[in-house]
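S.K.: If it helps, the file is called final-v4.txt and holds compact mmCIF, C-alpha atoms:
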# COMPACT_ATOMS: atom_id res chain seq x y z
CA MET A 30 -34.93 -18.38 54.70
CA ALA A 31 -35.61 -21.00 52.01
CA THR A 32 -38.97 -19.42 51.21
CA ARG A 33 -37.41 -15.98 50.91
CA ALA A 34 -34.91 -17.35 48.38
CA ALA A 35 -37.69 -19.06 46.44
CA VAL A 36 -39.69 -15.83 46.26
CA ALA A 37 -36.64 -13.85 45.15
CA ALA A 38 -35.63 -16.36 42.44
CA PRO A 39 -38.21 -15.34 39.82
CA ARG A 40 -37.15 -11.70 40.10
CA VAL A 41 -33.52 -12.68 39.52
CA LEU A 42 -34.40 -14.96 36.61
CA ARG A 43 -36.59 -12.26 35.11
CA ARG A 44 -33.45 -10.17 34.67
CA PHE A 45 -31.84 -12.89 32.51
CA PHE A 46 -34.88 -13.38 30.32
CA CYS A 47 -35.81 -9.74 29.99
CA THR A 48 -36.74 -8.72 26.44
CA ASN A 49 -35.91 -5.06 26.99
CA SER A 50 -32.28 -4.98 25.80
CA ALA A 51 -32.01 -1.26 26.56
CA SER A 52 -32.36 -2.02 30.25
CA SER A 53 -29.16 -1.30 32.14
CA SER A 54 -29.87 -4.21 34.47
CA PHE A 55 -29.58 -6.74 31.63
CA PRO A 56 -26.26 -8.50 32.28
CA PHE A 57 -25.25 -9.34 28.69
CA VAL A 58 -25.56 -5.94 27.06
CA SER A 59 -22.16 -4.39 26.73
CA THR A 60 -22.13 -0.65 27.00
CA LEU A 61 -18.87 1.16 26.45
CA PRO A 62 -17.92 4.01 28.75
CA PRO A 63 -17.72 7.43 27.09
CA GLY A 64 -14.50 7.90 25.16
CA ALA A 65 -13.71 4.17 24.97
CA THR A 66 -13.06 2.55 21.62
CA PRO A 67 -14.60 -0.82 20.77
CA ALA A 68 -12.36 -3.88 20.51
CA PRO A 69 -10.89 -4.36 17.04
CA THR A 70 -12.96 -6.64 14.85
CA ARG A 71 -11.61 -9.35 12.61
CA PRO A 72 -10.38 -7.79 9.36
CA THR A 73 -12.35 -8.60 6.24
CA ALA A 74 -10.65 -10.44 3.41
CA GLU A 75 -9.90 -8.76 0.12
CA PRO A 76 -12.45 -9.42 -2.62
CA ASN A 77 -11.69 -12.57 -4.60
CA THR A 78 -13.61 -15.28 -6.43
CA ASN A 79 -13.51 -17.78 -3.56
CA LEU A 80 -16.21 -17.56 -0.86
CA PHE A 81 -16.29 -19.09 2.61
CA VAL A 82 -19.78 -20.25 3.59
CA SER A 83 -20.53 -21.05 7.24
CA GLY A 84 -23.60 -22.10 9.19
CA LEU A 85 -24.45 -25.01 6.90
CA SER A 86 -26.79 -27.76 8.01
CA LYS A 87 -25.51 -31.31 8.39
CA ARG A 88 -27.89 -32.25 5.57
CA THR A 89 -26.44 -29.77 3.08
CA ASN A 90 -24.37 -31.41 0.37
CA THR A 91 -22.09 -30.05 -2.33
CA GLU A 92 -24.72 -30.27 -5.09
CA ARG A 93 -27.25 -28.29 -3.04
CA LEU A 94 -24.63 -25.64 -2.22
CA ARG A 95 -23.73 -25.33 -5.90
CA GLU A 96 -27.41 -25.06 -6.94
CA GLU A 97 -28.18 -22.24 -4.52
CA PHE A 98 -25.09 -20.17 -5.30
CA ALA A 99 -25.40 -20.73 -9.08
CA LYS A 100 -28.47 -18.47 -9.02
CA PHE A 101 -26.12 -15.49 -8.66
CA GLY A 102 -23.40 -16.30 -11.18
CA GLU A 103 -21.21 -18.95 -12.78
CA VAL A 104 -19.95 -21.35 -10.09
CA VAL A 105 -16.61 -22.89 -11.01
CA HIS A 106 -16.28 -25.09 -7.93
CA ALA A 107 -18.29 -25.76 -4.77
CA ARG A 108 -17.41 -27.98 -1.84
CA VAL A 109 -18.99 -28.76 1.52
CA VAL A 110 -16.29 -29.83 3.99
CA THR A 111 -17.26 -33.16 5.52
CA ASP A 112 -16.13 -35.26 8.45
CA ARG A 113 -13.96 -38.19 7.32
CA VAL A 114 -15.60 -40.70 9.65
CA SER A 115 -19.29 -39.82 9.57
CA GLY A 116 -19.44 -38.17 6.13
CA TYR A 117 -21.66 -35.40 7.52
CA SER A 118 -21.04 -31.74 6.82
CA LYS A 119 -18.78 -29.91 9.26
CA GLY A 120 -21.00 -26.86 8.83
CA PHE A 121 -18.92 -24.90 6.34
CA GLY A 122 -17.83 -24.98 2.73
CA PHE A 123 -16.36 -23.04 -0.16
CA VAL A 124 -17.80 -21.71 -3.40
CA GLN A 125 -15.63 -20.41 -6.24
CA TYR A 126 -17.09 -18.13 -8.88
CA ALA A 127 -15.75 -17.29 -12.35
CA THR A 128 -15.53 -13.53 -11.65
CA ILE A 129 -15.24 -11.23 -8.66
CA GLU A 130 -18.50 -9.55 -9.69
CA ASP A 131 -20.34 -12.89 -9.50
CA ALA A 132 -18.76 -13.54 -6.09
CA ALA A 133 -20.01 -10.16 -4.83
CA LYS A 134 -23.52 -11.00 -6.10
CA GLY A 135 -23.29 -14.39 -4.36
CA ILE A 136 -22.43 -12.78 -1.04
CA GLU A 137 -25.17 -10.20 -1.43
CA GLY A 138 -27.72 -12.84 -2.39
CA MET A 139 -26.91 -15.58 0.12
CA ASP A 140 -25.39 -13.94 3.23
CA GLY A 141 -27.88 -14.23 6.07
CA LYS A 142 -30.34 -16.34 4.06
CA PHE A 143 -31.85 -19.73 4.92
CA LEU A 144 -30.49 -22.91 3.37
CA ASP A 145 -31.96 -26.26 4.47
CA GLY A 146 -33.52 -24.57 7.50
CA TRP A 147 -30.32 -22.89 8.73
CA VAL A 148 -29.13 -19.30 8.39
CA ILE A 149 -25.89 -19.28 6.41
CA PHE A 150 -23.17 -16.66 6.17
CA ALA A 151 -21.10 -15.99 3.08
CA GLU A 152 -17.91 -13.94 2.96
CA TYR A 153 -14.73 -13.72 0.93
CA ALA A 154 -12.38 -16.57 1.82
CA ARG A 155 -9.07 -15.73 3.48
CA PRO A 156 -5.90 -17.33 2.11
CA ARG A 157 -4.30 -20.05 4.20
CA PRO A 158 -1.24 -19.05 6.21
CA PRO A 159 2.07 -20.45 4.91
CA PRO A 160 3.02 -23.88 6.33
CA GLY A 161 4.91 -23.73 9.58
CA GLN A 162 3.51 -20.35 10.57
CA PRO A 163 1.29 -20.51 13.69
CA LEU A 164 -2.34 -19.49 13.27
CA ASN A 165 -2.23 -17.31 16.38
CA SER A 166 0.91 -15.19 16.20
CA ASN A 167 0.74 -13.89 19.79
CA SER A 168 0.91 -17.30 21.48
CA SER A 169 4.20 -18.87 22.40
CA GLN A 170 4.59 -22.59 21.91
CA TYR A 171 4.41 -24.41 25.26
CA GLY A 172 5.65 -21.43 27.25
CA ARG A 173 8.96 -21.08 25.36
CA GLN A 174 10.18 -17.59 24.63
Spit out the file's structure as structure tokens when you get a sec.
M.R.:
Amino acid sequence: MATRAAVAAPRVLRRFFCTNSASSSFPFVSTLPPGATPAPTRPTAEPNTNLFVSGLSKRTNTERLREEFAKFGEVVHARVVTDRVSGYSKGFGFVQYATIEDAAKGIEGMDGKFLDGWVIFAEYARPRPPPGQPLNSNSSQYGRQ
């Protein structure tokens, strides 16, 4: 019985490492049934001059972020968010441009590009929620109604 399981294991593992994503036996490909609508995606923020940049390397600093985004317009402010204890980047930051047109060029020029060996993503920043308002509006606090 142990040998039968050992012989069958590669066939099972082959399914997980299959490169043919169109295969219906691939377990991670989600196919929607006919007539079903996909789950709602996160809404995009309205265009503004402030950009949220994610996917930053731990080595990326504020000066480097400013240099790369300045190629696409006038950068007013750039900041890599860092950990208070270690001082390393948390992997995201913000870039503020002088105009909305420059911000759009910055997104177009840097979204999905490599910076310090990592692929970064740039999008319009969302405003912070007002203080006291929960981030997730559909969760009740500690089971209270």
S.K.: Which residues are close to range 87-99 of chain A, i.e. within 10 Å by all atoms listed in the file, leaving aside same-chain residues fewer than 5 positions away? Reply as a PDB file with C-alpha atoms, in the coordinates of the input.
M.R.:
ATOM      1  CA  VAL A  82     -19.780 -20.250   3.590  1.00  0.00           C
ATOM      2  CA  VAL A 104     -19.950 -21.350 -10.090  1.00  0.00           C
ATOM      3  CA  VAL A 105     -16.610 -22.890 -11.010  1.00  0.00           C
ATOM      4  CA  HIS A 106     -16.280 -25.090  -7.930  1.00  0.00           C
ATOM      5  CA  ALA A 107     -18.290 -25.760  -4.770  1.00  0.00           C
ATOM      6  CA  ARG A 108     -17.410 -27.980  -1.840  1.00  0.00           C
ATOM      7  CA  VAL A 109     -18.990 -28.760   1.520  1.00  0.00           C
ATOM      8  CA  VAL A 110     -16.290 -29.830   3.990  1.00  0.00           C
ATOM      9  CA  THR A 111     -17.260 -33.160   5.520  1.00  0.00           C
ATOM     10  CA  GLY A 116     -19.440 -38.170   6.130  1.00  0.00           C
ATOM     11  CA  TYR A 117     -21.660 -35.400   7.520  1.00  0.00           C
ATOM     12  CA  SER A 118     -21.040 -31.740   6.820  1.00  0.00           C
ATOM     13  CA  LYS A 119     -18.780 -29.910   9.260  1.00  0.00           C
ATOM     14  CA  GLY A 120     -21.000 -26.860   8.830  1.00  0.00           C
ATOM     15  CA  PHE A 121     -18.920 -24.900   6.340  1.00  0.00           C
ATOM     16  CA  GLY A 122     -17.830 -24.980   2.730  1.00  0.00           C
ATOM     17  CA  PHE A 123     -16.360 -23.040  -0.160  1.00  0.00           C
ATOM     18  CA  VAL A 124     -17.800 -21.710  -3.400  1.00  0.00           C
ATOM     19  CA  GLN A 125     -15.630 -20.410  -6.240  1.00  0.00           C
ATOM     20  CA  TYR A 126     -17.090 -18.130  -8.880  1.00  0.00           C
ATOM     21  CA  ASP A 131     -20.340 -12.890  -9.500  1.00  0.00           C
ATOM     22  CA  ALA A 132     -18.760 -13.540  -6.090  1.00  0.00           C
ATOM     23  CA  LYS A 134     -23.520 -11.000  -6.100  1.00  0.00           C
ATOM     24  CA  GLY A 135     -23.290 -14.390  -4.360  1.00  0.00           C
ATOM     25  CA  ILE A 136     -22.430 -12.780  -1.040  1.00  0.00           C
ATOM     26  CA  GLY A 138     -27.720 -12.840  -2.390  1.00  0.00           C
ATOM     27  CA  MET A 139     -26.910 -15.580   0.120  1.00  0.00           C
ATOM     28  CA  LEU A 144     -30.490 -22.910   3.370  1.00  0.00           C
ATOM     29  CA  ASP A 145     -31.960 -26.260   4.470  1.00  0.00           C
ATOM     30  CA  GLY A 146     -33.520 -24.570   7.500  1.00  0.00           C
ATOM     31  CA  TRP A 147     -30.320 -22.890   8.730  1.00  0.00           C
TER      32      TRP A 147
END
S.K.: Quick check, in Å to one decimal: how far apart do CA of Leu80 in chain A and CA of Glu152 in chain A lie?
M.R.: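 Between CA of Leu80 in chain A and CA of Glu152 in chain A the gap works out to 5.5 Å.
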S.K.: Find, counting only C-alpha atoms, the residue in A:Glu75, A:Ala151, A:Ser86, A:Gly64 that gets nearest to Glu137 in chain A.
M.R.: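 Closest residue, counting only C-alpha atoms: A:Ala151.
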S.K.: Separation of CA of Pro156 in chain A and CA of Asn79 in chain A, in Å?
M.R.: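 Spanning CA of Pro156 in chain A to CA of Asn79 in chain A is a straight-line distance of 9.5 Å.
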S.K.: Figure out the distance between CA of Pro158 in chain A and CA of Asp140 in chain A, please, to one decimal in Å.
M.R.: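 Computing it gives 24.9 Å between the two atoms.
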S.K.: With distances taken over all atoms listed in the file, which of A:Val114, A:Leu85, A:Val148, A:Ala127 is nearest to Gly102 in chain A?
M.R.: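 Residue with the minimum atom-to-atom distance to Gly102 in chain A: A:Ala127.
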